[in-house]
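Reviewing the structure listed below.
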Amino acid sequence: MKKNVVFGFLGNVLDQRGKGKRRWRHWRPTIDLCYQSEIGFNRLELLYYQNDYHLLCEVIKDIKALSPQIKVTPIAININDPWDFEQVYTCLFDIAKNYAFNPEQENYYVHITTGTHVAQICWFLLAESRYYPAKLLQMSPPEKHQSASQSYMELTENELIRQVPCGKMNIIDLNLHRYDKILTRFQQYAHQATDLLKSGIATCNQQFNQLIAEIEQVASRSHAPILLCGPTGAGKSFLAKQIYLLKHNNHQISGQFVEINCATLRGDSAMSTLFGHVKGAFTGANLARTGLLKNADGGLLFLDEIGELGLDEQAMLLKAIEEKQFYPFGSDKPIQSNFQLIAGTNKDLKQAIKQGEFREDLFARINLWGYQLPSLAQRKEDIEPNIDYELARYAKEYGIMPRFNQQSRRAYLTFATSPDALWLGNFRELNSSIIRMATLAPQANITLEQVEKEIARLKQNWGQSKNDNSLIPTDIDEFDRYQLEKVIEICQKSETLSAAGRHLFAVSRTKKQRSNDADRLKKYLAKFGLSWEVIHQS
């Protein structure tokens, strides 16, 4: 059977309630702790200050009188200021570090009734972090103590001991696995946070869900820079805004969200836009300018396409991130600004470093948390919920809710998730596509005819040949698609079936005694329901 061990401070106020016989008439938490029958304590590790030594001796004597089975181990502590958090925490931490805990044979408790409020907080933190593998104990005095009819001066010591006032004991277990309701609340909060980052858009893409879950943890716990990589239109700017909302809602930042596309910054205006300038710093600088880094003080700065930033600006940005200060253009007085940075890029910054276009030290600083956002083509299972999101966003902005009918929705969704849909502009292009159909929809009803026109427009934007794409089945592997596209291209350029076969089988035909190029090509096309005639009629 395990032994029960409790740690606690000697209460130099609560445990000292009178002298002589009168001490038995008052509630004393450490005495009550040892007298409680709810838990049979075997050992009390009693922390005391040197100047409370006499009180320690009296309390130990009374504990032996009440509960002789409990062994009291005094631990002298040296804390100059019991209200100094650092001193108290360090003292308790050192005790834990040097203590021989044996959880397999002993249960541990920490008594938090005695000691200052600072001590109680430190006990909690050390128990929560498992430096003390213990539960917390809180003692409370009895609601009402009935006085004996006989004067306590007339009673013997043993008779007084039998009338010691007993309070209540509350056990607090910081092992949250026992509290399903609390865990459920935490999980709901985490789900709400990830939903915020996804703007409530449902996603079936496992990679994207894992990425968002990690970004939520990082955004909630860290102020370090975040680097979002991905193609144009993949949602870097959108995600940066959602991260800002998450941190703002959690009261982690109070400043504003400041965004700039670094590709738009050139020359002196780049320095001025980011870091500000003093009056007369350059030709045309008639007034002083604050700069975006200062505007983002206490908030979040999103630098999109950071790979387009000049080397001089990169050097100043690195200093501003590390030192929380920078010099406006033309000034010798530093400006303070404490902002969190999120950077976005569609470039390979490692390659840019090799080419001398990007500073390696800046990359190392902003890439502590680096994430590659998948393109829309890599998340085709998520296209349908994003279509619904774009329709709802259009309705919110224009006051009209556009809708597909069953046939038009199926046609658009089939194309949008097919290999034909390249989505070179990613989510931005999907948004534009929905806006076009919604705007042209009669009575806000998107028809099959509109869908077909929009599909043709998208294909034209992607530089696809309408005839080529219409010949290729949609339900084939990417490997077969690429091969078939090349075969069709050769057929359309050749005058006869045999000429196309000679071109396509130029190597293998030399190893055969009889060349059967036309027959081989005809059989290959037939696998996909195609023929020479069909290709040349289209």
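Letters A, B, ... go to the chains of the structure tokens in the order shown; residues in each chain start at 1; ligands are counted from 1 in the same order.
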
Expected answer as an NGL selection string: helix (DSSP H, G or I) residues in segment 24-85 of chain A
:A and (24-25 or 29-35 or 50-66 or 85)

Output file for the selection above: C-alpha atoms, as an mmCIF file, in the first residue's frame:
data_model
loop_
_atom_site.group_PDB
_atom_site.id
_atom_site.type_symbol
_atom_site.label_atom_id
_atom_site.label_comp_id
_atom_site.auth_asym_id
_atom_site.auth_seq_id
_atom_site.Cartn_x
_atom_site.Cartn_y
_atom_site.Cartn_z
ATOM 1 C CA TRP A 24 -6.640 23.899 21.196
ATOM 2 C CA ARG A 25 -9.686 26.128 20.923
ATOM 3 C CA PRO A 29 -4.746 24.374 9.227
ATOM 4 C CA THR A 30 -1.524 22.348 9.585
ATOM 5 C CA ILE A 31 -2.856 20.693 12.769
ATOM 6 C CA ASP A 32 -6.207 20.069 11.089
ATOM 7 C CA LEU A 33 -4.418 18.595 8.047
ATOM 8 C CA CYS A 34 -2.713 15.976 10.198
ATOM 9 C CA TYR A 35 -5.815 15.319 12.290
ATOM 10 C CA GLN A 50 14.433 30.160 10.691
ATOM 11 C CA ASN A 51 12.805 32.781 12.925
ATOM 12 C CA ASP A 52 9.731 30.519 13.299
ATOM 13 C CA TYR A 53 11.715 27.702 14.893
ATOM 14 C CA HIS A 54 9.939 27.901 18.273
ATOM 15 C CA LEU A 55 6.555 27.784 16.574
ATOM 16 C CA LEU A 56 7.783 24.788 14.576
ATOM 17 C CA CYS A 57 8.621 22.912 17.758
ATOM 18 C CA GLU A 58 5.191 23.637 19.272
ATOM 19 C CA VAL A 59 3.354 22.513 16.098
ATOM 20 C CA ILE A 60 5.399 19.302 15.841
ATOM 21 C CA LYS A 61 4.640 18.569 19.500
ATOM 22 C CA ASP A 62 0.890 19.057 18.931
ATOM 23 C CA ILE A 63 0.937 16.910 15.765
ATOM 24 C CA LYS A 64 2.545 14.061 17.744
ATOM 25 C CA ALA A 65 -0.117 14.430 20.405
ATOM 26 C CA LEU A 66 -2.915 14.234 17.828
ATOM 27 C CA PHE A 85 7.867 35.545 -6.930
#

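Counting only C-alpha atoms, segment 221-234 of chain A has the following residues at most 7 Å away, ignoring those fewer than 2 positions along the same chain: Gln217, Val218, Ala219, Lys236, Gln340, Leu341, Ile342, Ala343, Gly344, Thr345, Asn346, Ile366, Asn367, Leu368, Trp369, Gly370, Tyr371, Gln372, Leu373, Pro374, Ser375, Leu376, Gly425, Asn426, Phe427 and Arg428 of chain A.
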
Which residues are near Gly8 of chain A? Cut-off 9 Å, only C-alpha atoms, ignore same chain within fewer than 2 positions. Put them as a ChimeraX atom specification. /A:6,10-11,30,44-48,109-115

Write the residues of the preceding selection, restricted to N, CA and C atoms, as a PDB file, in the first residue's frame.
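result_36.pdb, freshly written:
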ATOM      1  N   VAL A   6       2.817  14.750   2.346  1.00  0.00           N
ATOM      2  CA  VAL A   6       2.294  16.086   2.056  1.00  0.00           C
ATOM      3  C   VAL A   6       3.391  17.123   2.306  1.00  0.00           C
ATOM      4  N   LEU A  10       4.764  26.046   7.124  1.00  0.00           N
ATOM      5  CA  LEU A  10       4.297  26.320   8.483  1.00  0.00           C
ATOM      6  C   LEU A  10       3.650  27.697   8.475  1.00  0.00           C
ATOM      7  N   GLY A  11       2.411  27.772   8.899  1.00  0.00           N
ATOM      8  CA  GLY A  11       1.705  29.049   8.887  1.00  0.00           C
ATOM      9  C   GLY A  11       2.036  29.887  10.107  1.00  0.00           C
ATOM     10  N   THR A  30      -2.500  23.444   9.622  1.00  0.00           N
ATOM     11  CA  THR A  30      -1.524  22.348   9.585  1.00  0.00           C
ATOM     12  C   THR A  30      -1.905  21.263  10.586  1.00  0.00           C
ATOM     13  N   LEU A  44       4.951  14.390   6.798  1.00  0.00           N
ATOM     14  CA  LEU A  44       4.712  15.805   6.517  1.00  0.00           C
ATOM     15  C   LEU A  44       6.054  16.493   6.313  1.00  0.00           C
ATOM     16  N   GLU A  45       6.269  16.999   5.096  1.00  0.00           N
ATOM     17  CA  GLU A  45       7.467  17.783   4.788  1.00  0.00           C
ATOM     18  C   GLU A  45       7.112  19.246   5.066  1.00  0.00           C
ATOM     19  N   LEU A  46       7.537  19.765   6.223  1.00  0.00           N
ATOM     20  CA  LEU A  46       7.070  21.055   6.719  1.00  0.00           C
ATOM     21  C   LEU A  46       8.141  22.135   6.501  1.00  0.00           C
ATOM     22  N   LEU A  47       7.851  23.070   5.620  1.00  0.00           N
ATOM     23  CA  LEU A  47       8.765  24.163   5.305  1.00  0.00           C
ATOM     24  C   LEU A  47       8.582  25.287   6.322  1.00  0.00           C
ATOM     25  N   TYR A  48       9.699  25.807   6.851  1.00  0.00           N
ATOM     26  CA  TYR A  48       9.572  26.862   7.854  1.00  0.00           C
ATOM     27  C   TYR A  48      10.723  27.847   7.712  1.00  0.00           C
ATOM     28  N   TYR A 109       1.098  15.159  -1.996  1.00  0.00           N
ATOM     29  CA  TYR A 109       0.129  16.239  -1.893  1.00  0.00           C
ATOM     30  C   TYR A 109       0.870  17.532  -1.545  1.00  0.00           C
ATOM     31  N   VAL A 110       0.330  18.639  -1.971  1.00  0.00           N
ATOM     32  CA  VAL A 110       0.881  19.950  -1.628  1.00  0.00           C
ATOM     33  C   VAL A 110      -0.203  20.741  -0.911  1.00  0.00           C
ATOM     34  N   HIS A 111       0.093  21.193   0.304  1.00  0.00           N
ATOM     35  CA  HIS A 111      -0.854  21.941   1.121  1.00  0.00           C
ATOM     36  C   HIS A 111      -0.724  23.433   0.804  1.00  0.00           C
ATOM     37  N   ILE A 112      -1.774  24.033   0.216  1.00  0.00           N
ATOM     38  CA  ILE A 112      -1.672  25.418  -0.245  1.00  0.00           C
ATOM     39  C   ILE A 112      -2.408  26.415   0.655  1.00  0.00           C
ATOM     40  N   THR A 113      -2.920  25.957   1.803  1.00  0.00           N
ATOM     41  CA  THR A 113      -3.666  26.868   2.675  1.00  0.00           C
ATOM     42  C   THR A 113      -2.741  27.868   3.363  1.00  0.00           C
ATOM     43  N   THR A 114      -1.575  27.405   3.778  1.00  0.00           N
ATOM     44  CA  THR A 114      -0.618  28.266   4.475  1.00  0.00           C
ATOM     45  C   THR A 114       0.381  28.849   3.474  1.00  0.00           C
ATOM     46  N   GLY A 115       1.054  29.912   3.892  1.00  0.00           N
ATOM     47  CA  GLY A 115       1.990  30.590   3.008  1.00  0.00           C
ATOM     48  C   GLY A 115       1.321  31.764   2.309  1.00  0.00           C
TER      49      GLY A 115
END

A straight line from atom CA of Val88 of chain A to atom CA of Asn170 of chain A spans 23.8 Å
